[in-house]
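**Q** run.csv is reproduced in full below (CSV, C-alpha atoms).
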```csv
chain,number,residue,atom,x,y,z
A,1,MET,CA,0.0,0.0,0.0
A,2,THR,CA,1.1,3.5,-0.6
A,3,SER,CA,-0.1,7.0,-0.1
A,4,ASP,CA,-2.0,8.5,-3.0
A,5,PRO,CA,-0.8,12.2,-3.1
A,6,SER,CA,-4.0,13.5,-4.7
A,7,PRO,CA,-5.4,15.0,-1.4
A,8,GLN,CA,-2.0,16.6,-0.8
A,9,LYS,CA,-1.1,18.0,-4.2
A,10,THR,CA,-0.2,21.4,-2.9
A,11,ALA,CA,2.2,19.9,-0.4
A,12,LEU,CA,4.2,18.0,-3.0
A,13,THR,CA,7.7,19.1,-3.9
A,14,PRO,CA,8.6,19.2,-7.6
A,15,ALA,CA,10.7,16.0,-7.0
A,16,GLN,CA,7.7,14.2,-5.5
A,17,ARG,CA,5.3,15.4,-8.2
A,18,ALA,CA,7.7,14.2,-10.9
A,19,LEU,CA,8.0,10.8,-9.1
A,20,VAL,CA,4.2,10.4,-9.0
A,21,ASP,CA,3.8,11.5,-12.6
A,22,SER,CA,6.5,9.1,-13.8
A,23,GLY,CA,4.3,5.9,-13.5
A,24,TYR,CA,7.0,4.2,-11.4
A,25,ILE,CA,4.9,3.9,-8.3
A,26,PRO,CA,4.1,0.2,-8.4
A,27,THR,CA,7.8,-0.6,-9.0
A,28,ILE,CA,8.9,1.7,-6.2
A,29,GLU,CA,6.4,-0.1,-3.9
A,30,GLN,CA,7.9,-3.5,-4.8
A,31,TRP,CA,11.4,-2.2,-4.4
A,32,ALA,CA,10.7,-0.7,-1.0
A,33,LYS,CA,9.1,-3.8,0.5
A,34,ASN,CA,11.4,-6.4,-1.2
A,35,GLN,CA,14.5,-5.3,0.7
A,36,CYS,CA,13.1,-5.8,4.2
A,37,ALA,CA,11.0,-8.4,6.0
A,38,PRO,CA,8.6,-8.7,8.9
A,39,LEU,CA,10.1,-9.8,12.3
A,40,TRP,CA,7.3,-11.2,14.4
A,41,TRP,CA,6.7,-13.3,17.5
A,42,TYR,CA,3.7,-15.5,18.1
A,43,ASP,CA,2.1,-18.2,20.3
A,44,ALA,CA,1.1,-21.2,18.1
A,45,THR,CA,-1.0,-22.6,20.9
A,46,ARG,CA,-3.5,-19.7,20.7
A,47,PRO,CA,-6.6,-19.9,18.5
A,48,ARG,CA,-6.3,-18.9,14.8
A,49,GLY,CA,-6.5,-15.1,14.5
A,50,MET,CA,-4.9,-14.6,17.9
A,51,GLN,CA,-1.5,-16.1,17.5
A,52,THR,CA,0.5,-13.1,16.5
A,53,ILE,CA,1.6,-11.1,19.5
A,54,LYS,CA,3.6,-8.3,17.9
A,55,GLY,CA,6.1,-7.6,15.2
A,56,ALA,CA,8.2,-5.0,13.3
A,57,THR,CA,10.5,-4.8,10.3
A,58,VAL,CA,14.1,-5.6,9.6
A,59,CYS,CA,16.0,-4.1,6.6
A,60,PHE,CA,18.8,-5.9,4.7
A,61,VAL,CA,21.7,-3.9,3.4
A,62,HIS,CA,25.2,-4.7,2.3
A,63,THR,CA,27.7,-2.0,3.1
A,64,GLY,CA,30.4,-3.3,0.7
A,65,LYS,CA,32.1,-5.1,3.6
A,66,ARG,CA,29.3,-6.9,5.4
A,67,LEU,CA,25.7,-8.0,5.1
A,68,LEU,CA,23.6,-6.5,7.9
A,69,GLY,CA,20.0,-6.7,9.2
A,70,ILE,CA,19.0,-3.5,10.9
A,71,SER,CA,16.0,-2.7,13.1
A,72,ALA,CA,15.0,-0.7,16.2
A,73,ALA,CA,16.5,-1.8,19.5
A,74,HIS,CA,13.2,-1.6,21.4
A,75,VAL,CA,11.8,-4.2,18.9
A,76,HIS,CA,14.7,-6.5,19.7
A,77,LEU,CA,14.4,-6.1,23.4
A,78,GLU,CA,10.7,-6.6,23.5
A,79,CYS,CA,10.9,-9.7,21.3
A,80,VAL,CA,13.7,-11.3,23.4
A,81,SER,CA,11.8,-10.5,26.6
A,82,ALA,CA,8.8,-12.3,25.2
A,83,LEU,CA,10.8,-15.3,24.2
A,84,LYS,CA,12.4,-15.6,27.6
A,85,SER,CA,9.2,-15.2,29.5
A,86,ASP,CA,7.2,-18.0,27.8
A,87,PRO,CA,8.6,-21.1,26.1
A,88,LYS,CA,5.5,-21.3,23.9
A,89,ILE,CA,6.4,-18.1,22.1
A,90,ALA,CA,8.5,-18.4,18.9
A,91,CYS,CA,10.0,-15.8,16.6
A,92,GLN,CA,10.2,-15.6,12.8
A,93,LEU,CA,12.0,-13.4,10.4
A,94,GLY,CA,10.0,-13.6,7.2
A,95,GLY,CA,9.2,-17.2,6.7
A,96,HIS,CA,11.9,-18.8,8.9
A,97,SER,CA,12.6,-19.2,12.6
A,98,PHE,CA,14.9,-16.6,14.0
A,99,ASP,CA,16.8,-16.3,17.3
A,100,PRO,CA,17.4,-12.5,17.5
A,101,ASP,CA,19.9,-12.7,20.4
A,102,ARG,CA,22.2,-15.0,18.5
A,103,TYR,CA,22.8,-12.7,15.7
A,104,VAL,CA,23.3,-9.3,17.4
A,105,LEU,CA,26.4,-7.4,16.2
A,106,ALA,CA,25.6,-4.1,18.0
A,107,MET,CA,22.9,-2.4,19.8
A,108,ASP,CA,22.4,1.1,21.2
A,109,LYS,CA,19.3,1.6,23.4
A,110,GLU,CA,19.5,5.3,23.3
A,111,LEU,CA,19.7,5.6,19.6
A,112,ASP,CA,17.2,2.7,19.4
A,113,LEU,CA,19.2,0.8,16.8
A,114,VAL,CA,20.1,-2.9,16.6
A,115,VAL,CA,22.3,-4.5,14.0
A,116,TYR,CA,22.3,-8.2,13.1
A,117,GLY,CA,25.0,-10.1,11.3
A,118,LEU,CA,23.2,-12.2,8.7
A,119,SER,CA,24.0,-14.5,5.8
A,120,GLU,CA,22.7,-14.5,2.3
A,121,VAL,CA,21.0,-17.8,3.0
A,122,GLN,CA,19.0,-16.2,5.9
A,123,VAL,CA,17.9,-13.3,3.8
A,124,ASN,CA,17.0,-15.5,0.9
A,125,ALA,CA,14.8,-17.6,3.2
A,126,THR,CA,12.8,-14.5,4.0
A,127,GLY,CA,12.0,-14.0,0.4
A,128,ALA,CA,13.6,-10.5,0.5
A,129,TYR,CA,16.5,-9.0,-1.4
A,130,ILE,CA,19.6,-7.3,-0.2
A,131,HIS,CA,20.0,-3.5,-0.7
A,132,HIS,CA,23.5,-2.9,-2.0
A,133,ALA,CA,24.6,0.6,-0.9
A,134,PRO,CA,26.4,2.4,-3.7
A,135,VAL,CA,28.6,4.2,-1.1
A,136,TRP,CA,28.9,3.9,2.7
A,137,PRO,CA,27.7,5.7,4.7
A,138,PRO,CA,24.7,6.7,2.6
A,139,VAL,CA,23.6,10.3,2.9
A,140,VAL,CA,20.3,12.1,2.8
A,141,ALA,CA,20.1,14.2,-0.4
A,142,ASP,CA,18.2,17.5,0.0
A,143,GLY,CA,15.4,17.9,-2.4
A,144,ASN,CA,14.9,14.3,-3.2
A,145,ALA,CA,11.6,12.5,-2.7
A,146,CYS,CA,11.4,10.2,0.3
A,147,VAL,CA,9.8,6.8,0.6
A,148,MET,CA,9.3,5.1,4.0
A,149,GLY,CA,7.5,2.0,5.0
A,150,GLY,CA,7.2,-1.1,7.2
A,151,TRP,CA,5.4,-4.4,7.8
A,152,LEU,CA,2.5,-3.6,10.1
A,153,TRP,CA,1.8,-6.4,12.6
A,154,SER,CA,-1.5,-4.7,13.3
A,155,LEU,CA,-2.6,-5.6,9.8
A,156,SER,CA,-1.3,-9.2,9.8
A,157,GLU,CA,-3.8,-12.0,9.5
A,158,ASP,CA,-3.5,-15.6,10.8
A,159,GLY,CA,-4.7,-18.1,8.2
A,160,ASP,CA,-4.5,-21.8,7.8
A,161,HIS,CA,-0.8,-22.7,8.4
A,162,GLN,CA,0.4,-19.2,7.5
A,163,VAL,CA,0.4,-15.6,8.4
A,164,THR,CA,-0.3,-12.9,5.8
A,165,HIS,CA,1.6,-9.6,6.5
A,166,SER,CA,0.8,-6.2,5.0
A,167,PHE,CA,3.4,-3.6,3.9
A,168,LEU,CA,2.5,0.1,4.2
A,169,HIS,CA,4.5,2.9,2.6
A,170,PHE,CA,4.4,6.6,2.1
A,171,ILE,CA,5.9,8.8,-0.6
A,172,THR,CA,6.6,12.0,1.3
A,173,ARG,CA,9.2,14.4,2.4
A,174,PHE,CA,11.7,15.0,5.2
A,175,GLN,CA,10.5,17.3,8.0
A,176,THR,CA,13.8,17.4,9.8
A,177,HIS,CA,17.3,16.3,8.9
A,178,PHE,CA,19.9,16.1,11.6
A,179,GLN,CA,23.1,14.2,12.1
A,180,ALA,CA,21.4,11.6,14.4
A,181,LYS,CA,17.7,12.0,13.5
A,182,LEU,CA,15.4,12.2,10.5
A,183,GLY,CA,11.8,13.3,10.7
A,184,ILE,CA,9.5,12.1,7.9
A,185,VAL,CA,6.0,13.5,7.4
A,186,THR,CA,3.4,10.7,6.8
A,187,GLY,CA,0.2,12.7,6.5
A,188,THR,CA,-1.5,9.6,7.7
A,189,SER,CA,-4.9,11.0,8.0
A,190,THR,CA,-5.0,12.3,4.4
A,191,SER,CA,-3.0,9.5,2.8
A,192,ILE,CA,-4.9,7.1,0.6
A,193,PRO,CA,-3.6,3.6,-0.1
A,194,TRP,CA,-4.0,2.9,-3.9
A,195,GLY,CA,-7.6,1.9,-4.6
A,196,GLN,CA,-8.6,2.0,-1.0
A,197,ASN,CA,-10.2,4.3,1.6
A,198,PRO,CA,-8.2,7.0,3.5
A,199,LEU,CA,-6.3,5.8,6.6
A,200,PRO,CA,-8.2,7.4,9.6
A,201,ARG,CA,-6.3,9.6,12.1
A,202,GLY,CA,-4.9,7.4,14.8
A,203,THR,CA,-4.3,4.4,12.5
A,204,ASN,CA,-2.1,1.9,14.3
A,205,LEU,CA,1.3,1.9,12.5
A,206,GLY,CA,2.7,-0.8,14.9
A,207,GLY,CA,5.3,-2.7,13.0
A,208,MET,CA,6.7,0.3,11.1
A,209,SER,CA,9.6,0.3,13.6
A,210,GLY,CA,12.7,-1.0,11.8
A,211,GLY,CA,11.3,0.0,8.5
A,212,PRO,CA,13.2,1.5,5.6
A,213,VAL,CA,13.6,5.2,4.6
A,214,TYR,CA,14.8,5.8,1.1
A,215,CYS,CA,15.9,8.8,-0.8
A,216,VAL,CA,14.6,8.7,-4.4
A,217,SER,CA,16.7,10.4,-7.1
A,218,GLU,CA,16.8,10.5,-10.9
A,219,ARG,CA,20.0,10.6,-12.9
A,220,ALA,CA,20.2,10.5,-16.6
A,221,GLY,CA,16.6,9.3,-16.7
A,222,LEU,CA,17.2,6.5,-14.3
A,223,VAL,CA,15.4,6.4,-10.9
A,224,GLN,CA,17.6,5.3,-8.0
A,225,MET,CA,16.4,4.5,-4.5
A,226,THR,CA,19.0,4.7,-1.7
A,227,LEU,CA,18.4,3.3,1.8
A,228,VAL,CA,19.3,6.1,4.2
A,229,GLY,CA,17.5,5.5,7.5
A,230,ILE,CA,15.7,3.1,9.8
A,231,VAL,CA,12.3,4.1,11.5
A,232,TYR,CA,12.3,3.9,15.3
A,233,GLU,CA,9.2,5.9,16.3
A,234,TYR,CA,5.9,7.2,15.0
A,235,GLN,CA,4.3,10.3,16.6
A,236,PRO,CA,0.6,10.1,15.8
A,237,SER,CA,-0.4,13.5,17.0
A,238,PHE,CA,2.0,15.1,14.5
A,239,GLU,CA,1.9,12.4,11.9
A,240,ILE,CA,5.6,12.2,11.8
A,241,ALA,CA,7.9,9.2,11.7
A,242,LEU,CA,11.4,9.4,13.3
A,243,ALA,CA,14.3,7.5,11.8
A,244,ARG,CA,18.0,7.0,12.5
A,245,PRO,CA,20.3,7.7,9.6
A,246,LEU,CA,22.5,4.8,8.5
A,247,SER,CA,25.5,7.1,8.8
A,248,LEU,CA,25.4,6.1,12.5
A,249,ILE,CA,26.5,2.6,11.5
A,250,ASP,CA,30.0,1.8,10.1
A,251,VAL,CA,30.8,-0.7,7.3
A,252,HIS,CA,31.3,-3.6,9.7
A,253,GLY,CA,28.0,-3.1,11.6
A,254,SER,CA,29.3,-1.2,14.6
A,255,ILE,CA,27.2,1.8,15.8
A,256,ARG,CA,29.3,4.9,15.7
A,257,ALA,CA,28.2,7.0,18.6
A,258,SER,CA,25.5,7.6,21.1
A,259,LEU,CA,23.5,10.9,21.4
A,260,HIS,CA,25.9,12.3,23.9
```
Here is a file; write its structure as structure tokens.
**A**
Amino acid sequence: MTSDPSPQKTALTPAQRALVDSGYIPTIEQWAKNQCAPLWWYDATRPRGMQTIKGATVCFVHTGKRLLGISAAHVHLECVSALKSDPKIACQLGGHSFDPDRYVLAMDKELDLVVYGLSEVQVNATGAYIHHAPVWPPVVADGNACVMGGWLWSLSEDGDHQVTHSFLHFITRFQTHFQAKLGIVTGTSTSIPWGQNPLPRGTNLGGMSGGPVYCVSERAGLVQMTLVGIVYEYQPSFEIALARPLSLIDVHGSIRASLH
């Protein structure tokens, strides 16, 4: 799903308007969601429709030196706490079982970032692709359109022998751009998923944490999407998502610095 900009035409930048008019929207949606996967934990002993407890998103990126899975630290901590508190609870990354504690490379609670060291086999098992960064660290380019999204556990559905997850994304703009924080306007109450009704104010965006933030640019007629940040918080009263820039993570997966 993506936000239809028609109710917000006056708020679009020229770069966003050009992106919408290009006809690339379906491809951009696929690109955005294909390079991340849902992380979710559940209790298989519960009745169908009530098994999923909670979830979020993990992004996959190769820095040129190492393949990383990146998400929000609070997601990791909540998942690990649930797994330790009840042996009936299990965790999956995409379609395969996952032990989050086993693969942690680095975590910073204050920055709300966690980095996993993963293999290509693990990523392939999720059905996702790996984002190969053209340079590291990636930088936010002023004036570019922005795409952000995530796998919302609040929209997941338990079916027979499987769980169906839903990916929501927004084509929007940066509200703030600092060294350790990105602010992204979602306009949730006026955004319209393609072919569907508007998302009401207060829509639960649970699961967006850990989701990707892309800069979209065009060079020589070619559209390029660069992963530049990871969502860690959504502020519903302002309809703004907050993200940590990937410049806080080095090529080997270490987190560079805290907020102090």
**Q** Could you check the closest approach to A:Glu120 for each of A:Trp153, A:Tyr232, A:Phe60, A:Trp41 and tell me which residue wins, using all atoms listed in the file?
**A** A:Phe60
**Q** Using all atoms listed in the file, determine which residues lie at most 6 Å from A:Ser217, disregarding the query and same-chain residues fewer than 4 positions distant; provide the list as a ChimeraX atom specification.
**A** /A:144,223-224
**Q** Could you give me, as a PyMOL selection string, the residues within 10 Å of stretch 25-34 of chain A, counting only C-alpha atoms and dropping anything in the same chain fewer than 2 positions from it?
**A** chain A and resi 1-2+4+19-23+36-38+57+59-60+126-131+147-151+166-171+194+211-214+216+223-227
**Q** What's the separation between atom CA of A:Cys91 and atom CA of A:Tyr42, in Å to one decimal place?
**A**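 Calculated distance between atom CA of A:Cys91 and atom CA of A:Tyr42 is 6.5 Å.
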**Q** So how many Å separate atom CA of A:Gln122 and atom CA of A:Phe98, to one decimal?
**A** 9.1 Å
**Q** Measuring between all atoms listed in the file, which one of A:Cys146, A:Ile89, A:Ile70, A:Leu105 shows the shortest distance to A:His252?
**A**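 The answer is A:Leu105, which sits nearest to A:His252.
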**Q** Please compute the atom CA of A:Ala56-atom CA of A:Asp43 distance, one decimal, in Å.
**A**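 Distance reported for this atom pair: 16.1 Å.
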**Q** Show which residues sit within 12 Å of A:Asp99, as a list in words. Count only C-alpha atoms, and ignore same-chain residues fewer than 4 positions away.
**A**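 So the residues in contact are Leu39, Trp40, Trp41, His76, Cys79, Val80, Ala82, Leu83, Lys84, Ile89, Ala90, Cys91, Gln92, Leu93, Tyr103, Val104, Tyr116, Gly117, Leu118 and Gln122 of chain A.
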**Q** Just the selected residues (C-alpha atoms), exported as a PDB file, keeping the file's coordinate frame, please.
**A**
```
ATOM      1  CA  LEU A  39      10.100  -9.800  12.300  1.00  0.00           C
ATOM      2  CA  TRP A  40       7.300 -11.200  14.400  1.00  0.00           C
ATOM      3  CA  TRP A  41       6.700 -13.300  17.500  1.00  0.00           C
ATOM      4  CA  HIS A  76      14.700  -6.500  19.700  1.00  0.00           C
ATOM      5  CA  CYS A  79      10.900  -9.700  21.300  1.00  0.00           C
ATOM      6  CA  VAL A  80      13.700 -11.300  23.400  1.00  0.00           C
ATOM      7  CA  ALA A  82       8.800 -12.300  25.200  1.00  0.00           C
ATOM      8  CA  LEU A  83      10.800 -15.300  24.200  1.00  0.00           C
ATOM      9  CA  LYS A  84      12.400 -15.600  27.600  1.00  0.00           C
ATOM     10  CA  ILE A  89       6.400 -18.100  22.100  1.00  0.00           C
ATOM     11  CA  ALA A  90       8.500 -18.400  18.900  1.00  0.00           C
ATOM     12  CA  CYS A  91      10.000 -15.800  16.600  1.00  0.00           C
ATOM     13  CA  GLN A  92      10.200 -15.600  12.800  1.00  0.00           C
ATOM     14  CA  LEU A  93      12.000 -13.400  10.400  1.00  0.00           C
ATOM     15  CA  TYR A 103      22.800 -12.700  15.700  1.00  0.00           C
ATOM     16  CA  VAL A 104      23.300  -9.300  17.400  1.00  0.00           C
ATOM     17  CA  TYR A 116      22.300  -8.200  13.100  1.00  0.00           C
ATOM     18  CA  GLY A 117      25.000 -10.100  11.300  1.00  0.00           C
ATOM     19  CA  LEU A 118      23.200 -12.200   8.700  1.00  0.00           C
ATOM     20  CA  GLN A 122      19.000 -16.200   5.900  1.00  0.00           C
TER      21      GLN A 122
END
```
**Q** For A:Ala125, which residue among A:Gly95, A:Pro100, A:Pro137, A:Gly64 is the nearest when counting only C-alpha atoms?
**A**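 For A:Ala125, the nearest of the candidates is A:Gly95.
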**Q** Give the answer as one residue: which of A:Thr63, A:Thr188, A:Thr45, A:Gln35 has the shortest atom-to-atom distance to A:Glu239, using all atoms listed in the file?
**A** A:Thr188
**Q** Determine, counting all atoms listed in the file, which protein, DNA and RNA residues have an atom within 12 Å of an atom of A:Gly183; residues of the same chain fewer than 2 positions away are not included. Present the result as a VMD selection string.
**A** chain A and resid 140 146 148 172 to 181 185 to 186 213 229 to 235 238 to 245
**Q** I need the residues from that last selection saved to file as a tab-separated table (two decimals), in the coordinates of the input (with C-alpha atoms), if you can.
**A**
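Generated file (again19.tsv):
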```tsv
chain	number	residue	atom	x	y	z
A	140	VAL	CA	20.30	12.10	2.80
A	146	CYS	CA	11.40	10.20	0.30
A	148	MET	CA	9.30	5.10	4.00
A	172	THR	CA	6.60	12.00	1.30
A	173	ARG	CA	9.20	14.40	2.40
A	174	PHE	CA	11.70	15.00	5.20
A	175	GLN	CA	10.50	17.30	8.00
A	176	THR	CA	13.80	17.40	9.80
A	177	HIS	CA	17.30	16.30	8.90
A	178	PHE	CA	19.90	16.10	11.60
A	179	GLN	CA	23.10	14.20	12.10
A	180	ALA	CA	21.40	11.60	14.40
A	181	LYS	CA	17.70	12.00	13.50
A	185	VAL	CA	6.00	13.50	7.40
A	186	THR	CA	3.40	10.70	6.80
A	213	VAL	CA	13.60	5.20	4.60
A	229	GLY	CA	17.50	5.50	7.50
A	230	ILE	CA	15.70	3.10	9.80
A	231	VAL	CA	12.30	4.10	11.50
A	232	TYR	CA	12.30	3.90	15.30
A	233	GLU	CA	9.20	5.90	16.30
A	234	TYR	CA	5.90	7.20	15.00
A	235	GLN	CA	4.30	10.30	16.60
A	238	PHE	CA	2.00	15.10	14.50
A	239	GLU	CA	1.90	12.40	11.90
A	240	ILE	CA	5.60	12.20	11.80
A	241	ALA	CA	7.90	9.20	11.70
A	242	LEU	CA	11.40	9.40	13.30
A	243	ALA	CA	14.30	7.50	11.80
A	244	ARG	CA	18.00	7.00	12.50
A	245	PRO	CA	20.30	7.70	9.60
```
**Q** Counting only C-alpha atoms, which of A:Ala73, A:Val115, A:Ser81, A:His62 gets nearest to A:Gly253?
**A** A:Val115
**Q** With only C-alpha atoms as the atoms that count, which of A:Ser85, A:Ser237, A:Ser71, A:Ser119 lies nearest to A:Gly207?
**A**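 When distances to A:Gly207 are compared using only C-alpha atoms, the smallest one comes from A:Ser71.
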